[in-house]
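Asker: Sharing a structure here in structure tokens format.
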Amino acid sequence: MSRKPLRRDLAIAIRGGLEEVTTPHAGVAGLIELGRRSNVMAAAEKYLPPKQSPQGLGQGEMVEAFVVFSALGGECLDDFKQVRQDEGLAALLGYRLPAAETARQWLDRFHEEAPPADRPQQGSFIPPESRWLAGLRSVVEHSVRTYVAAVQPGPQVTLDVDAHLVESSKAEALRTYEGFRGYQPMLVSWAETGLVLADEFRDGNVPASVGIQEMVDRAYESLPPCEVEGGWQVAVRSDRAGYEQDILDHWAGQGWRFAVSGDMTPALRREIEALPPEAWRFWKQERDGGVREWAEVPFVPGRKTERRDAQPYRSVAVRIRQPQGRLFGDGHEVKHVAVVSNDWEMTGQELLAWHRGKQGTIEQVHRVLKDELGAGVYPSGKFGANAAWLRLQVLTLNLLEVFKAAGLDENLRQARPKRLRFAIFSQVGRVVRHAGEVFLRVARRVLEQVVWGWQRRFRRLVWAALPT
């Protein structure tokens with residue numbers, strides 16, 4: 001029996017005339033409910049400057065609109081035009097999303113022009129945060145309190161700090177160390193949860209090492225009090241941007257464990273190259289055939305001011321050998337890197353693996369923010385507006401982490417935004433108004449496998465209250 005050939009067109013006609021209010025984004029109702037139950041949107045009303053006019057959307061509604069917009073895949077302000085036409089989504093929210101120009105004007109309010117006297121004639125500059133940006137930071141901090149109250153994570157807090165580059169053709173964008181124009185935002189993430197605890201939008205010419213100590217301190221201060229005896233067990237991981245003696249001494253003085261990529265100074269290189277062959281231990285072989293080995297290095301960098309009670313830090317070197325016949329970019333067959341730490345308990349290999357673990361945390365956060373949310377394209381030439389855009393993407397990411405951990409099944413706990421859009425948010429629903437009641441009708445499979453799950457879990461949770 002011959003198989004019927006596949007049609008070259010649709011087997012059904014498509015016609016207009018649908019008069020019922022429907023939405024292809026019915027699944028985003030769970031994220032909306034989370035934002036409201038958790039008091040995150042109420043925090044926006046509390047912390048952002050009050051509106052001068054009662055007309056239009058309130059501050060909580062504007063923040064909620066941006067979160068929903070970003071969660072659904074909006075990448076630029078013009079995308080509001082399409083999402084705004086979703087009548088069913090407007091019914092879910094209780095209001096229509098703002099027009100693109102309204103959203104742009106709202107972002108502009110976060111910008112305050114720095115006085116010319118504050119700007120250096122040359123070099124980099126980070127403007128102080130405006131009152132609006134400080135308010136939005138408080139909203140992000142409440143999302144952290146929400147996660148802790150709802151999910152109750154363990155006391156381990158690994159703070160991964162790193163910056164990422166975003167290329168931009170805007171005239172206001174400055175040249176980065178890679179040579180192109182763009183921006184270099186800095187983030188501090190909580191590795192065990194996927195949350196971003198601190199963010200700072202920066203021009204492209206700002207070195208990653210600038211203000212890194214203050215950024216990590218701010219991230220730690222965003223944590224609520226720990227309910228576990230002994231408090232938060234804090235550790236910090238950084239690349240070479242964190243390799244400054246004063247910063248390392250500060251983290252050690254806080255009682256925090258750290259691992260930081262070290263500068264390959266001439267003195268350190270001499271110590272590494274002087275190691276005997278038996279000092280090197282096999283670590284692993286890369287897929288391309290390269291071999292990684294490690295060794296303890298008897299190297300103690302000098303301090304500007306020596307203290308009698310100062311504890312020396314540990315240096316662990318990595319030797320990377322290319323397969324025969326292949327060279328690194330500098331023409332050598334061998335490359336050395338080093339990690340500096342105050343942890344003397346782990347083996348060298350364990351320390352290196354732990355330090356390298358940030359590639360799966362903060363670098364993953366960078367990828368999600370840039371490629372799956374809206375932080376890969378900035379909407380404005382105004383610094384404050386772009387800083388607000390970044391912070392709204394961070395807030396969206398944090399709420400998605402809460403949603404996954406507190407509202408969804410285990411198989412979706414590691415899902416990225418693209419996966420959530422496909423599996424959860426992109427569900428067809430119909431808004432029904434009947435006998436004075438308004439409700440959303442979805443497929444029974446969606447109701448039983450998705451909606452009832454998050455509703456049941458949300459009812460059992462204890463949500464973080466807003467500070468009085």
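Starting from 1 in every chain, residues are counted up; chains themselves are A, B, ... following the order of the structure tokens, and ligands are numbered from 1 as listed.
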Neighbours of stretch 256-269 of chain A within 7 Å (only C-alpha atoms; same-chain residues fewer than 4 positions away dropped), as a ChimeraX atom specification?
Answerer: /A:234-240,242-243,251-252,273,299,337-343,355
Asker: Please list as number ranges by chain every residue within 10 Å of A:Ala423, counting only C-alpha atoms and excluding residues in the same chain fewer than 4 positions away.
Answerer: A: 27, 412, 415, 417-419, 427, 446, 450
Asker: Any idea what's packed within 10 Å of A:Ala464, counting only C-alpha atoms, ignoring anything in its chain fewer than 4 positions away? Could you give it as a PyMOL selection string?
Answerer: chain A and resi 37-40+142-150+224
Asker: Please return as a ChimeraX atom specification: the residues of stretch 134-242 of chain A that backbone DSSP assigns to strand (DSSP E or B).
Answerer: /A:156-163,166-167,174-175,181-183,186-190,195-200,203,233-238
Asker: Looking only at alpha helix (DSSP H) from DSSP on the backbone, list the matching residues of stretch 286-426 of chain A as a ChimeraX atom specification.
Answerer: /A:348-356,362-367,383-407,417-420
Asker: Interatomic distance between atom CA of A:Pro49 and atom CA of A:Ser130?
Answerer: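 These two atoms are separated by 10.8 Å.
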Asker: I want to know what sits within 8 Å of stretch 186-195 of chain A, based on only C-alpha atoms, with residues of the same chain fewer than 3 positions away left out; could you give that as a PyMOL selection string?
Answerer: chain A and resi 144+153+156-164+198-202+208+215-216+219+358+361-362+365+397-398+401
Asker: Could you write those residues out with N, CA, C and O atoms, as a CSV table (one decimal), in the first residue's frame?
Answerer:
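Below is the file that was written, out.csv:
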```csv
chain,number,residue,atom,x,y,z
A,144,VAL,N,14.8,39.0,45.8
A,144,VAL,CA,15.7,38.1,46.5
A,144,VAL,C,15.1,37.6,47.8
A,144,VAL,O,15.1,36.4,48.1
A,153,PRO,N,16.4,28.3,50.6
A,153,PRO,CA,17.7,27.7,50.2
A,153,PRO,C,18.6,27.4,51.4
A,153,PRO,O,18.4,28.0,52.5
A,156,GLN,N,24.6,28.2,51.9
A,156,GLN,CA,25.8,28.4,51.1
A,156,GLN,C,25.4,29.5,50.1
A,156,GLN,O,24.4,29.5,49.4
A,157,VAL,N,26.3,30.5,50.1
A,157,VAL,CA,26.1,31.7,49.1
A,157,VAL,C,27.5,31.9,48.4
A,157,VAL,O,28.4,32.4,49.0
A,158,THR,N,27.5,31.4,47.2
A,158,THR,CA,28.7,31.6,46.3
A,158,THR,C,28.4,32.8,45.4
A,158,THR,O,27.5,32.8,44.6
A,159,LEU,N,29.1,33.9,45.6
A,159,LEU,CA,29.0,35.1,44.9
A,159,LEU,C,29.9,35.1,43.7
A,159,LEU,O,31.1,35.2,43.9
A,160,ASP,N,29.4,35.0,42.5
A,160,ASP,CA,30.2,35.0,41.3
A,160,ASP,C,30.1,36.4,40.7
A,160,ASP,O,28.9,36.9,40.4
A,161,VAL,N,31.2,37.1,40.5
A,161,VAL,CA,31.2,38.5,40.0
A,161,VAL,C,31.9,38.5,38.6
A,161,VAL,O,33.0,37.9,38.5
A,162,ASP,N,31.3,39.2,37.7
A,162,ASP,CA,31.8,39.2,36.3
A,162,ASP,C,31.1,40.3,35.5
A,162,ASP,O,30.0,40.6,35.8
A,163,ALA,N,31.8,40.8,34.5
A,163,ALA,CA,31.2,41.7,33.5
A,163,ALA,C,31.1,41.1,32.2
A,163,ALA,O,31.7,40.1,31.9
A,164,HIS,N,30.2,41.6,31.4
A,164,HIS,CA,30.1,41.1,30.0
A,164,HIS,C,30.0,42.3,29.0
A,164,HIS,O,29.5,43.4,29.4
A,198,ALA,N,23.2,41.8,42.5
A,198,ALA,CA,23.6,43.2,42.2
A,198,ALA,C,23.9,43.3,40.7
A,198,ALA,O,24.5,42.4,40.1
A,199,ASP,N,23.6,44.5,40.2
A,199,ASP,CA,23.9,44.8,38.8
A,199,ASP,C,24.3,46.2,38.7
A,199,ASP,O,23.9,47.1,39.5
A,200,GLU,N,25.1,46.5,37.7
A,200,GLU,CA,25.5,47.9,37.4
A,200,GLU,C,25.8,48.1,36.0
A,200,GLU,O,26.7,47.4,35.4
A,201,PHE,N,25.0,48.9,35.3
A,201,PHE,CA,25.2,49.2,33.9
A,201,PHE,C,26.4,50.1,33.8
A,201,PHE,O,26.6,51.1,34.6
A,202,ARG,N,27.3,49.9,32.8
A,202,ARG,CA,28.5,50.6,32.7
A,202,ARG,C,28.8,50.9,31.2
A,202,ARG,O,28.5,50.1,30.3
A,208,ALA,N,36.7,46.3,34.2
A,208,ALA,CA,35.9,45.4,35.1
A,208,ALA,C,36.3,45.5,36.5
A,208,ALA,O,35.5,45.1,37.4
A,215,MET,N,30.6,46.3,44.6
A,215,MET,CA,29.5,45.5,44.0
A,215,MET,C,29.3,44.2,44.8
A,215,MET,O,28.1,43.9,45.1
A,216,VAL,N,30.3,43.5,45.2
A,216,VAL,CA,30.2,42.3,46.0
A,216,VAL,C,29.6,42.6,47.3
A,216,VAL,O,28.7,41.9,47.8
A,219,ALA,N,25.9,43.1,46.9
A,219,ALA,CA,25.2,41.9,46.7
A,219,ALA,C,25.0,41.1,48.0
A,219,ALA,O,23.9,40.6,48.3
A,358,LYS,N,32.3,28.8,38.0
A,358,LYS,CA,31.6,30.0,37.6
A,358,LYS,C,31.2,30.1,36.2
A,358,LYS,O,30.3,30.9,35.8
A,361,THR,N,27.7,29.3,35.9
A,361,THR,CA,26.7,30.1,36.7
A,361,THR,C,26.7,31.5,36.2
A,361,THR,O,25.8,31.9,35.4
A,362,ILE,N,27.7,32.4,36.5
A,362,ILE,CA,27.6,33.8,36.1
A,362,ILE,C,27.6,33.9,34.6
A,362,ILE,O,27.0,34.7,34.0
A,365,VAL,N,24.3,33.1,33.3
A,365,VAL,CA,23.4,34.3,33.6
A,365,VAL,C,23.6,35.3,32.5
A,365,VAL,O,22.7,35.9,31.9
A,397,LEU,N,14.6,37.9,35.3
A,397,LEU,CA,15.3,36.7,35.5
A,397,LEU,C,15.1,36.2,36.9
A,397,LEU,O,14.8,35.0,37.1
A,398,ASN,N,15.1,37.1,37.9
A,398,ASN,CA,14.9,36.6,39.3
A,398,ASN,C,13.6,36.1,39.5
A,398,ASN,O,13.4,35.0,40.2
A,401,GLU,N,13.3,32.7,38.1
A,401,GLU,CA,13.9,31.7,39.0
A,401,GLU,C,13.0,31.3,40.2
A,401,GLU,O,12.9,30.1,40.6
```
Asker: Restricting the calculation to only C-alpha atoms: of A:Leu133, A:Ala90, A:Val438, A:Val151, which residue gets closest to A:Phe403?
Answerer: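 Checking each candidate against A:Phe403, we get A:Val151 as the closest.
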Asker: May I have the residues within 6 Å of stretch 371-383 of chain A as a list of chain:residue names, using only C-alpha atoms and disregarding those fewer than 5 positions away in the same chain?
Answerer: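 Near stretch 371-383 of chain A, the qualifying residues are A:Ser70, A:Glu75, A:Glu172, A:Leu390.
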Asker: Grab the atom CA of A:Ala100 to atom CA of A:Leu77 distance for me, in Å with one decimal place.
Answerer: 5.3 Å
Asker: Go through A:Trp344, A:Tyr313, A:Phe458, A:Phe125 and flag the residue nearest A:Ala406, using only C-alpha atoms for the distances.
Answerer: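 Under the stated criterion, the closest residue is A:Phe458.
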Asker: Looking at A:Ala279, A:Val206, A:Met41, A:Leu89, which one is nearest to A:Gln184, with distances taken over only C-alpha atoms?
Answerer: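 Closest residue, counting only C-alpha atoms: A:Val206.
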Asker: In Å, with one decimal, what is the gap from atom CA of A:Ile320 to atom CA of A:Glu293?
Answerer: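 For atom CA of A:Ile320 relative to atom CA of A:Glu293, the distance reads 6.5 Å.
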